[in-house]
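Structure first, then comments.
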Amino acid sequence: MQPSNLPTFYSITESEIDLNDLLAKITLTSTGAAAIFTGMVRGVTTRGDAHETEYLEYESYIPMAEAKMKQVADEIREKWPVVEGVAIVQRIGKLYPKTPTVLIACTAAHRDTGVFDAARYGIDRLKEIVPVWKKEVGPSGEEWVEGDYIPKPGE
Amino acid sequence: MQPSNLPTFYSITESEIDLNDLLAKITLTSTGAAAIFTGMVRGVTTRGDAHETEYLEYESYIPMAEAKMKQVADEIREKWPVVEGVAIVQRIGKLYPKTPTVLIACTAAHRDTGVFDAARYGIDRLKEIVPVWKKEVGPSGEEWVEGDYIPKPGE
Amino acid sequence: MNHIKLLFFATIRDRAGVKSLEMDIPTDLTIQGLKDKLSADYPNLKQSMQSVLITINREYAFDEAVVPPNAEIGMFPPVSGG
Amino acid sequence: MNHIKLLFFATIRDRAGVKSLEMDIPTDLTIQGLKDKLSADYPNLKQSMQSVLITINREYAFDEAVVPPNAEIGMFPPVSGG
């Protein structure tokens, strides 16, 4: 199969994340395994600075974010050439606890080929270089969540 | 949170696997991360004995299979106490290429807690001890797919 | 005698030609004894009995286990789901 | 002079009080020079300029880069999506 035929789907969206639809978008007749990561809004956080969250307000530098999602997909394929389909979606706007906010999915022929590592890499990388920010609103007011990654030249 | 309140969903089903619904079933206000594995029917296999598949016919020893899925969930929780929700679903019947056939999903507060490894363990374990079999039907006839794991006493 | 129910799956069912069987077996018969009895009574199953997985009441069981009264015995090849 | 467009996001936008600014800057101004100019012209942004991430035409850029004509410059804190 030519790499150019392999499905890559990436999007910043204000709509619900539809896992069934996204899985179908990256399923080929050659793919037997999908590793999918989703992040959801927590209403209660106990690790570190324990707190409650009423909602998160996400924003993005959309055209750059979509370009960086494409880059993450390219990096995944370079590191795991067995990966066939890649889907990366970030939902933005006001999102309440238990709502899926982000999805990374990778498909491959078989599950023992690195497809789990590829999805793990994808979400880690998204949180480093894709320009999306979230403000947390809770009982004690609102606060921007601070990232800590400084991109290097070429990223 | 008491372990008894943690959602565990497991099922042998003839219905479509609905990822959105299953994710919602194991999402709690305390969970911010889900690792999901799905297996799909391949129409074309190139690794090993290369062949084409028209469809797979799955069958199960259903009550035992559901008990063993519960056991897999218990093993996951014992190995990764951070895992909060677990869903394990195997679809049976006649399933065509690109159809999701199996799902394992684990939720946890954060993604760096072993939740990917937990899902990976879950699918590996399902393929060892949950009594489900598939017969492959293709251009050259039909053939049972052979497993190779022999359960040990206590499994 | 103990009354038991046998359930066959996948290749074992294909060879047995039936999904289930009910039978009476001697008290204290082991799984190995049951396999020997099936091999003798059902020639089609003889080859399968060498690599079959066995369950007693939905738990994996092994040759030396004694079959209890009213047992539900599963017989099948290594699993291949997913 | 070069015409450029600045886009502010998250904490930087809150401090700037606007989402975007258009301005003319000297040819050959570097990112460092642009940050110095913004710190001088917009006191609210002075503190932010020390840890801000900068993009030129949607690629991460660094202090020594020269701002090209008609550049779209993004300014924001480290990302925190997911």
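Identifiers in this document derive from the order of the structure tokens: chains are assigned A, B, ..., residues are numbered from 1 separately in each chain, and ligands are numbered from 1 in order of occurrence.
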Chain fit of chain C to chain D, all Cα atoms, as a compact mmCIF listing (two decimals) with N, CA and C atoms, in the first residue's frame:
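So result_14.txt came out as:
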```
# COMPACT_ATOMS: atom_id res chain seq x y z
N MET C 1 9.65 49.33 6.10
CA MET C 1 8.85 48.76 7.19
C MET C 1 8.13 47.51 6.69
N ASN C 2 7.98 46.55 7.60
CA ASN C 2 7.20 45.34 7.29
C ASN C 2 5.85 45.41 8.00
N HIS C 3 4.81 45.03 7.29
CA HIS C 3 3.50 44.92 7.93
C HIS C 3 3.35 43.50 8.48
N ILE C 4 2.96 43.38 9.74
CA ILE C 4 2.77 42.04 10.33
C ILE C 4 1.48 42.03 11.12
N LYS C 5 1.02 40.78 11.37
CA LYS C 5 -0.18 40.59 12.19
C LYS C 5 0.20 39.75 13.41
N LEU C 6 -0.19 40.21 14.57
CA LEU C 6 0.07 39.47 15.81
C LEU C 6 -1.21 38.81 16.28
N LEU C 7 -1.13 37.55 16.69
CA LEU C 7 -2.28 36.84 17.27
C LEU C 7 -1.91 36.44 18.69
N PHE C 8 -2.78 36.79 19.65
CA PHE C 8 -2.51 36.46 21.06
C PHE C 8 -3.49 35.39 21.53
N PHE C 9 -3.00 34.48 22.35
CA PHE C 9 -3.85 33.40 22.86
C PHE C 9 -3.69 33.22 24.36
N ALA C 10 -4.76 32.71 24.97
CA ALA C 10 -4.75 32.30 26.38
C ALA C 10 -4.29 33.46 27.28
N THR C 11 -3.37 33.20 28.19
CA THR C 11 -2.95 34.24 29.15
C THR C 11 -2.41 35.48 28.45
N ILE C 12 -1.74 35.28 27.33
CA ILE C 12 -1.16 36.44 26.62
C ILE C 12 -2.29 37.34 26.10
N ARG C 13 -3.35 36.69 25.58
CA ARG C 13 -4.48 37.48 25.08
C ARG C 13 -5.15 38.22 26.23
N ASP C 14 -5.32 37.50 27.36
CA ASP C 14 -5.93 38.16 28.53
C ASP C 14 -5.15 39.41 28.91
N ARG C 15 -3.82 39.30 28.90
CA ARG C 15 -3.00 40.46 29.30
C ARG C 15 -3.00 41.56 28.24
N ALA C 16 -3.00 41.13 26.97
CA ALA C 16 -3.01 42.12 25.89
C ALA C 16 -4.36 42.83 25.82
N GLY C 17 -5.43 42.08 26.18
CA GLY C 17 -6.76 42.67 26.13
C GLY C 17 -7.34 42.67 24.72
N VAL C 18 -6.58 42.18 23.76
CA VAL C 18 -7.08 42.04 22.38
C VAL C 18 -6.62 40.70 21.83
N LYS C 19 -7.35 40.22 20.80
CA LYS C 19 -6.99 38.94 20.18
C LYS C 19 -5.91 39.09 19.14
N SER C 20 -5.88 40.26 18.49
CA SER C 20 -4.88 40.44 17.44
C SER C 20 -4.54 41.91 17.29
N LEU C 21 -3.41 42.15 16.68
CA LEU C 21 -2.90 43.50 16.43
C LEU C 21 -2.25 43.47 15.06
N GLU C 22 -2.39 44.53 14.31
CA GLU C 22 -1.57 44.65 13.10
C GLU C 22 -0.62 45.81 13.31
N MET C 23 0.58 45.68 12.83
CA MET C 23 1.55 46.76 13.02
C MET C 23 2.63 46.74 11.93
N ASP C 24 3.30 47.86 11.82
CA ASP C 24 4.45 47.94 10.92
C ASP C 24 5.71 47.93 11.77
N ILE C 25 6.65 47.12 11.36
CA ILE C 25 7.89 47.01 12.13
C ILE C 25 9.06 47.22 11.17
N PRO C 26 10.22 47.60 11.73
CA PRO C 26 11.38 47.79 10.86
C PRO C 26 11.76 46.49 10.15
N THR C 27 12.17 46.58 8.91
CA THR C 27 12.74 45.44 8.20
C THR C 27 13.92 44.92 9.04
N ASP C 28 14.09 43.60 9.03
CA ASP C 28 15.21 42.96 9.76
C ASP C 28 15.03 42.95 11.28
N LEU C 29 13.84 43.32 11.76
CA LEU C 29 13.62 43.19 13.21
C LEU C 29 13.57 41.69 13.54
N THR C 30 14.24 41.32 14.64
CA THR C 30 14.21 39.91 15.06
C THR C 30 13.05 39.70 16.04
N ILE C 31 12.81 38.43 16.34
CA ILE C 31 11.79 38.11 17.35
C ILE C 31 12.16 38.78 18.67
N GLN C 32 13.45 38.74 19.02
CA GLN C 32 13.87 39.39 20.27
C GLN C 32 13.55 40.89 20.20
N GLY C 33 13.81 41.48 19.05
CA GLY C 33 13.50 42.91 18.87
C GLY C 33 12.02 43.17 18.97
N LEU C 34 11.22 42.28 18.41
CA LEU C 34 9.77 42.44 18.48
C LEU C 34 9.29 42.34 19.93
N LYS C 35 9.84 41.37 20.67
CA LYS C 35 9.46 41.22 22.08
C LYS C 35 9.84 42.49 22.87
N ASP C 36 11.03 43.03 22.58
CA ASP C 36 11.46 44.24 23.27
C ASP C 36 10.51 45.39 22.95
N LYS C 37 10.12 45.49 21.68
CA LYS C 37 9.23 46.57 21.25
C LYS C 37 7.85 46.44 21.95
N LEU C 38 7.33 45.20 21.99
CA LEU C 38 6.02 45.00 22.64
C LEU C 38 6.11 45.29 24.14
N SER C 39 7.22 44.89 24.77
CA SER C 39 7.40 45.15 26.21
C SER C 39 7.39 46.65 26.49
N ALA C 40 8.00 47.40 25.57
CA ALA C 40 8.06 48.85 25.75
C ALA C 40 6.70 49.51 25.48
N ASP C 41 6.04 49.05 24.38
CA ASP C 41 4.79 49.71 23.97
C ASP C 41 3.59 49.26 24.80
N TYR C 42 3.61 48.02 25.30
CA TYR C 42 2.46 47.47 26.03
C TYR C 42 2.95 46.95 27.38
N PRO C 43 2.98 47.79 28.40
CA PRO C 43 3.53 47.38 29.70
C PRO C 43 2.88 46.10 30.25
N ASN C 44 1.59 45.90 29.95
CA ASN C 44 0.92 44.68 30.43
C ASN C 44 1.58 43.41 29.90
N LEU C 45 2.22 43.52 28.74
CA LEU C 45 2.80 42.33 28.11
C LEU C 45 4.25 42.09 28.54
N LYS C 46 4.80 43.06 29.26
CA LYS C 46 6.24 42.98 29.55
C LYS C 46 6.63 41.66 30.22
N GLN C 47 5.86 41.31 31.27
CA GLN C 47 6.20 40.08 31.99
C GLN C 47 6.01 38.85 31.10
N SER C 48 4.94 38.85 30.31
CA SER C 48 4.66 37.70 29.45
C SER C 48 5.75 37.46 28.43
N MET C 49 6.41 38.53 28.00
CA MET C 49 7.40 38.39 26.92
C MET C 49 8.60 37.54 27.33
N GLN C 50 8.73 37.30 28.67
CA GLN C 50 9.89 36.51 29.10
C GLN C 50 9.70 35.02 28.89
N SER C 51 8.45 34.54 28.87
CA SER C 51 8.25 33.10 28.73
C SER C 51 7.32 32.75 27.57
N VAL C 52 7.02 33.73 26.73
CA VAL C 52 6.05 33.50 25.67
C VAL C 52 6.62 32.55 24.59
N LEU C 53 5.74 31.71 24.02
CA LEU C 53 6.12 30.99 22.81
C LEU C 53 5.72 31.84 21.61
N ILE C 54 6.58 31.82 20.61
CA ILE C 54 6.35 32.64 19.43
C ILE C 54 6.29 31.75 18.19
N THR C 55 5.37 32.08 17.30
CA THR C 55 5.36 31.40 16.01
C THR C 55 5.43 32.43 14.90
N ILE C 56 6.10 32.06 13.82
CA ILE C 56 6.10 32.86 12.59
C ILE C 56 5.42 32.01 11.54
N ASN C 57 4.33 32.51 11.00
CA ASN C 57 3.59 31.77 9.99
C ASN C 57 3.33 30.32 10.42
N ARG C 58 2.90 30.16 11.66
CA ARG C 58 2.43 28.89 12.23
C ARG C 58 3.52 27.85 12.46
N GLU C 59 4.78 28.32 12.53
CA GLU C 59 5.88 27.46 12.95
C GLU C 59 6.57 28.10 14.14
N TYR C 60 6.98 27.26 15.10
CA TYR C 60 7.66 27.83 16.26
C TYR C 60 8.91 28.58 15.82
N ALA C 61 9.14 29.73 16.44
CA ALA C 61 10.27 30.57 16.05
C ALA C 61 11.00 31.04 17.31
N PHE C 62 12.23 31.47 17.16
CA PHE C 62 13.10 31.75 18.30
C PHE C 62 13.72 33.13 18.17
N ASP C 63 14.35 33.56 19.28
CA ASP C 63 14.71 34.97 19.43
C ASP C 63 15.49 35.57 18.26
N GLU C 64 16.37 34.76 17.69
CA GLU C 64 17.25 35.32 16.65
C GLU C 64 16.61 35.37 15.26
N ALA C 65 15.40 34.76 15.13
CA ALA C 65 14.76 34.74 13.80
C ALA C 65 14.34 36.15 13.39
N VAL C 66 14.49 36.45 12.11
CA VAL C 66 14.08 37.75 11.57
C VAL C 66 12.61 37.64 11.12
N VAL C 67 11.82 38.63 11.48
CA VAL C 67 10.40 38.60 11.14
C VAL C 67 10.23 38.97 9.66
N PRO C 68 9.66 38.08 8.86
CA PRO C 68 9.54 38.38 7.42
C PRO C 68 8.34 39.29 7.15
N PRO C 69 8.30 39.88 5.97
CA PRO C 69 7.16 40.74 5.61
C PRO C 69 5.86 39.95 5.66
N ASN C 70 4.81 40.63 6.06
CA ASN C 70 3.46 40.04 6.10
C ASN C 70 3.36 38.81 6.99
N ALA C 71 4.23 38.72 7.98
CA ALA C 71 4.23 37.55 8.86
C ALA C 71 2.98 37.51 9.72
N GLU C 72 2.51 36.29 9.98
CA GLU C 72 1.49 36.06 11.00
C GLU C 72 2.25 35.56 12.22
N ILE C 73 2.27 36.37 13.26
CA ILE C 73 3.05 36.05 14.47
C ILE C 73 2.08 35.60 15.57
N GLY C 74 2.27 34.38 16.09
CA GLY C 74 1.46 33.90 17.21
C GLY C 74 2.24 34.08 18.51
N MET C 75 1.54 34.45 19.56
CA MET C 75 2.18 34.59 20.88
C MET C 75 1.29 33.93 21.91
N PHE C 76 1.86 32.97 22.64
CA PHE C 76 1.05 32.23 23.60
C PHE C 76 1.91 31.52 24.63
N PRO C 77 1.30 31.09 25.72
CA PRO C 77 2.05 30.34 26.74
C PRO C 77 2.24 28.90 26.26
N PRO C 78 3.07 28.12 26.96
CA PRO C 78 3.19 26.70 26.62
C PRO C 78 1.80 26.08 26.51
N VAL C 79 1.63 25.16 25.56
CA VAL C 79 0.30 24.63 25.28
C VAL C 79 -0.17 23.70 26.41
N SER C 80 -1.47 23.58 26.54
CA SER C 80 -2.03 22.76 27.64
C SER C 80 -3.31 22.06 27.18
N GLY C 81 -3.31 21.60 25.92
CA GLY C 81 -4.51 20.93 25.41
C GLY C 81 -4.64 19.50 25.91
N GLY C 82 -5.53 18.79 25.26
CA GLY C 82 -5.71 17.39 25.61
C GLY C 82 -7.02 17.14 26.29
```
* To do: Please identify every residue of chain A that has at least one atom no more than 12 Å from any atom of chain C, counting only C-alpha atoms, and report them as a VMD selection string.
  => chain A and resid 32 to 33 110 to 111
Next, the residues of the selection above should be written as a PDB file, in the first residue's frame with all heavy atoms.
```pdb
ATOM      1  N   GLY A  32      -6.277  -4.733  11.525  1.00  0.00           N
ATOM      2  CA  GLY A  32      -6.983  -5.594  12.464  1.00  0.00           C
ATOM      3  C   GLY A  32      -6.914  -5.093  13.898  1.00  0.00           C
ATOM      4  O   GLY A  32      -7.482  -5.717  14.794  1.00  0.00           O
ATOM      5  N   ALA A  33      -6.239  -3.980  14.123  1.00  0.00           N
ATOM      6  CA  ALA A  33      -6.024  -3.503  15.490  1.00  0.00           C
ATOM      7  C   ALA A  33      -6.058  -1.986  15.531  1.00  0.00           C
ATOM      8  O   ALA A  33      -5.487  -1.324  14.665  1.00  0.00           O
ATOM      9  CB  ALA A  33      -4.668  -3.983  15.997  1.00  0.00           C
ATOM     10  N   HIS A 110      -1.763  -5.613  13.057  1.00  0.00           N
ATOM     11  CA  HIS A 110      -1.760  -6.455  14.251  1.00  0.00           C
ATOM     12  C   HIS A 110      -1.469  -5.618  15.489  1.00  0.00           C
ATOM     13  O   HIS A 110      -0.872  -4.548  15.395  1.00  0.00           O
ATOM     14  CB  HIS A 110      -0.688  -7.544  14.119  1.00  0.00           C
ATOM     15  CG  HIS A 110      -0.839  -8.390  12.882  1.00  0.00           C
ATOM     16  ND1 HIS A 110      -1.671  -9.479  12.831  1.00  0.00           N
ATOM     17  CD2 HIS A 110      -0.284  -8.266  11.649  1.00  0.00           C
ATOM     18  CE1 HIS A 110      -1.613 -10.011  11.609  1.00  0.00           C
ATOM     19  NE2 HIS A 110      -0.784  -9.288  10.877  1.00  0.00           N
ATOM     20  N   ARG A 111      -1.852  -6.134  16.657  1.00  0.00           N
ATOM     21  CA  ARG A 111      -1.719  -5.334  17.869  1.00  0.00           C
ATOM     22  C   ARG A 111      -0.314  -5.315  18.453  1.00  0.00           C
ATOM     23  O   ARG A 111       0.007  -4.456  19.274  1.00  0.00           O
ATOM     24  CB  ARG A 111      -2.704  -5.818  18.934  1.00  0.00           C
ATOM     25  CG  ARG A 111      -2.321  -7.117  19.620  1.00  0.00           C
ATOM     26  CD  ARG A 111      -3.428  -7.557  20.555  1.00  0.00           C
ATOM     27  NE  ARG A 111      -3.073  -8.694  21.382  1.00  0.00           N
ATOM     28  CZ  ARG A 111      -2.941  -9.948  20.944  1.00  0.00           C
ATOM     29  NH1 ARG A 111      -3.105 -10.238  19.675  1.00  0.00           N
ATOM     30  NH2 ARG A 111      -2.636 -10.915  21.792  1.00  0.00           N
TER      31      ARG A 111
END
```
* To do: With a cut-off of 9 Å and counting only C-alpha atoms, select all residues of chain A in contact with chain B and give the selection as a ChimeraX atom specification.
  => /A:17-20,23-24,27-47,97-100,109-111,116-117,120
Residues of the last selection are to be written out with C-alpha atoms, as a PDB file, in the first residue's frame.
```
ATOM      1  CA  ILE A  17     -16.105  13.396  19.426  1.00  0.00           C
ATOM      2  CA  ASP A  18     -17.643  10.349  17.738  1.00  0.00           C
ATOM      3  CA  LEU A  19     -15.346   7.389  18.399  1.00  0.00           C
ATOM      4  CA  ASN A  20     -17.293   5.027  16.148  1.00  0.00           C
ATOM      5  CA  LEU A  23     -12.464   4.447  14.079  1.00  0.00           C
ATOM      6  CA  ALA A  24     -14.316   3.766  10.826  1.00  0.00           C
ATOM      7  CA  THR A  27     -10.092   1.251   9.431  1.00  0.00           C
ATOM      8  CA  LEU A  28      -8.886  -0.398   6.234  1.00  0.00           C
ATOM      9  CA  THR A  29      -9.343  -3.898   4.977  1.00  0.00           C
ATOM     10  CA  SER A  30      -5.726  -4.452   6.053  1.00  0.00           C
ATOM     11  CA  THR A  31      -6.102  -3.208   9.659  1.00  0.00           C
ATOM     12  CA  GLY A  32      -6.983  -5.594  12.464  1.00  0.00           C
ATOM     13  CA  ALA A  33      -6.024  -3.503  15.490  1.00  0.00           C
ATOM     14  CA  ALA A  34      -6.731  -0.001  16.763  1.00  0.00           C
ATOM     15  CA  ALA A  35      -5.243   1.685  19.826  1.00  0.00           C
ATOM     16  CA  ILE A  36      -7.269   4.684  20.870  1.00  0.00           C
ATOM     17  CA  PHE A  37      -6.615   7.245  23.576  1.00  0.00           C
ATOM     18  CA  THR A  38      -9.285   9.633  24.736  1.00  0.00           C
ATOM     19  CA  GLY A  39      -9.000  12.354  27.345  1.00  0.00           C
ATOM     20  CA  MET A  40     -12.054  13.410  29.313  1.00  0.00           C
ATOM     21  CA  VAL A  41     -12.727  16.379  31.594  1.00  0.00           C
ATOM     22  CA  ARG A  42     -12.252  15.397  35.230  1.00  0.00           C
ATOM     23  CA  GLY A  43     -14.665  16.901  37.722  1.00  0.00           C
ATOM     24  CA  VAL A  44     -12.492  15.860  40.639  1.00  0.00           C
ATOM     25  CA  THR A  45      -8.702  15.821  40.641  1.00  0.00           C
ATOM     26  CA  THR A  46      -6.868  14.231  43.560  1.00  0.00           C
ATOM     27  CA  ARG A  47      -3.266  14.105  42.313  1.00  0.00           C
ATOM     28  CA  PRO A  97     -16.780  16.765  33.409  1.00  0.00           C
ATOM     29  CA  LYS A  98     -16.924  13.304  31.756  1.00  0.00           C
ATOM     30  CA  THR A  99     -16.890  14.821  28.246  1.00  0.00           C
ATOM     31  CA  PRO A 100     -14.267  13.404  25.847  1.00  0.00           C
ATOM     32  CA  ALA A 109      -2.535  -4.885  10.846  1.00  0.00           C
ATOM     33  CA  HIS A 110      -1.760  -6.455  14.251  1.00  0.00           C
ATOM     34  CA  ARG A 111      -1.719  -5.334  17.869  1.00  0.00           C
ATOM     35  CA  PHE A 116      -0.248   1.171  21.524  1.00  0.00           C
ATOM     36  CA  ASP A 117       3.083   3.017  21.767  1.00  0.00           C
ATOM     37  CA  ARG A 120       0.726   7.002  23.539  1.00  0.00           C
TER      38      ARG A 120
END
```
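Take CA of Val82 (chain B) and CA of Val89 (chain A): the distance between them is 25.6 Å.
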* Asked: Running DSSP on the backbone, which parts of region 73-108 of chain A land in helix (DSSP H, G or I), as a list in words?
  -> Ala73, Asp74, Glu75, Ile76, Arg77, Glu78 and Lys79 of chain A
Please write the residues from the selection above to a file, keeping all heavy atoms, as a compact mmCIF listing (two decimals), in the first residue's frame.
```
# COMPACT_ATOMS: atom_id res chain seq x y z
N ALA A 73 0.98 13.25 13.29
CA ALA A 73 0.67 12.03 12.51
C ALA A 73 1.88 11.61 11.68
O ALA A 73 2.21 10.42 11.60
CB ALA A 73 -0.55 12.27 11.61
N ASP A 74 2.56 12.58 11.08
CA ASP A 74 3.76 12.26 10.28
C ASP A 74 4.85 11.66 11.17
O ASP A 74 5.53 10.70 10.78
CB ASP A 74 4.29 13.51 9.59
CG ASP A 74 3.36 14.00 8.48
OD1 ASP A 74 2.48 13.24 8.03
OD2 ASP A 74 3.52 15.17 8.06
N GLU A 75 5.03 12.23 12.35
CA GLU A 75 6.05 11.71 13.28
C GLU A 75 5.71 10.27 13.69
O GLU A 75 6.59 9.42 13.77
CB GLU A 75 6.14 12.59 14.53
CG GLU A 75 6.77 13.96 14.26
CD GLU A 75 6.84 14.85 15.50
OE1 GLU A 75 6.54 14.36 16.61
OE2 GLU A 75 7.20 16.03 15.36
N ILE A 76 4.42 10.02 13.96
CA ILE A 76 3.99 8.66 14.33
C ILE A 76 4.36 7.69 13.21
O ILE A 76 4.95 6.63 13.44
CB ILE A 76 2.47 8.62 14.59
CG1 ILE A 76 2.15 9.29 15.93
CG2 ILE A 76 1.93 7.18 14.54
CD1 ILE A 76 0.66 9.47 16.20
N ARG A 77 4.06 8.06 11.98
CA ARG A 77 4.32 7.16 10.85
C ARG A 77 5.81 6.93 10.62
O ARG A 77 6.23 5.86 10.20
CB ARG A 77 3.71 7.75 9.58
CG ARG A 77 2.22 7.67 9.57
CD ARG A 77 1.74 7.32 8.18
NE ARG A 77 0.33 6.95 8.24
CZ ARG A 77 -0.66 7.83 8.29
NH1 ARG A 77 -0.40 9.13 8.26
NH2 ARG A 77 -1.90 7.41 8.35
N GLU A 78 6.61 7.99 10.93
CA GLU A 78 8.05 7.84 10.76
C GLU A 78 8.60 6.86 11.80
O GLU A 78 9.45 6.02 11.50
CB GLU A 78 8.71 9.21 10.90
CG GLU A 78 10.14 9.25 10.41
CD GLU A 78 10.68 10.68 10.46
OE1 GLU A 78 9.89 11.63 10.24
OE2 GLU A 78 11.88 10.83 10.75
N LYS A 79 8.08 6.94 13.04
CA LYS A 79 8.58 6.08 14.11
C LYS A 79 7.99 4.68 14.05
O LYS A 79 8.62 3.72 14.46
CB LYS A 79 8.24 6.71 15.47
CG LYS A 79 9.09 7.94 15.79
CD LYS A 79 8.61 8.60 17.08
CE LYS A 79 9.32 9.89 17.34
NZ LYS A 79 10.71 9.72 17.79
```
* To do: Work out how far CA of Leu56 (chain B) is from CA of Glu136 (chain B), in Å to one decimal.
  =>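 About the pair CA of Glu136 (chain B) and CA of Leu56 (chain B): they are 4.7 Å apart.
CA of Val86 (chain B) is found 18.0 Å from CA of Glu128 (chain B).
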* Out of chain B, which residues get strand (DSSP E or B) from DSSP, as a PyMOL selection string? -> chain B and resi 8-13+33-40+44-45+51-52+55-60+86-91+93-95+100-108+132-138+141-144
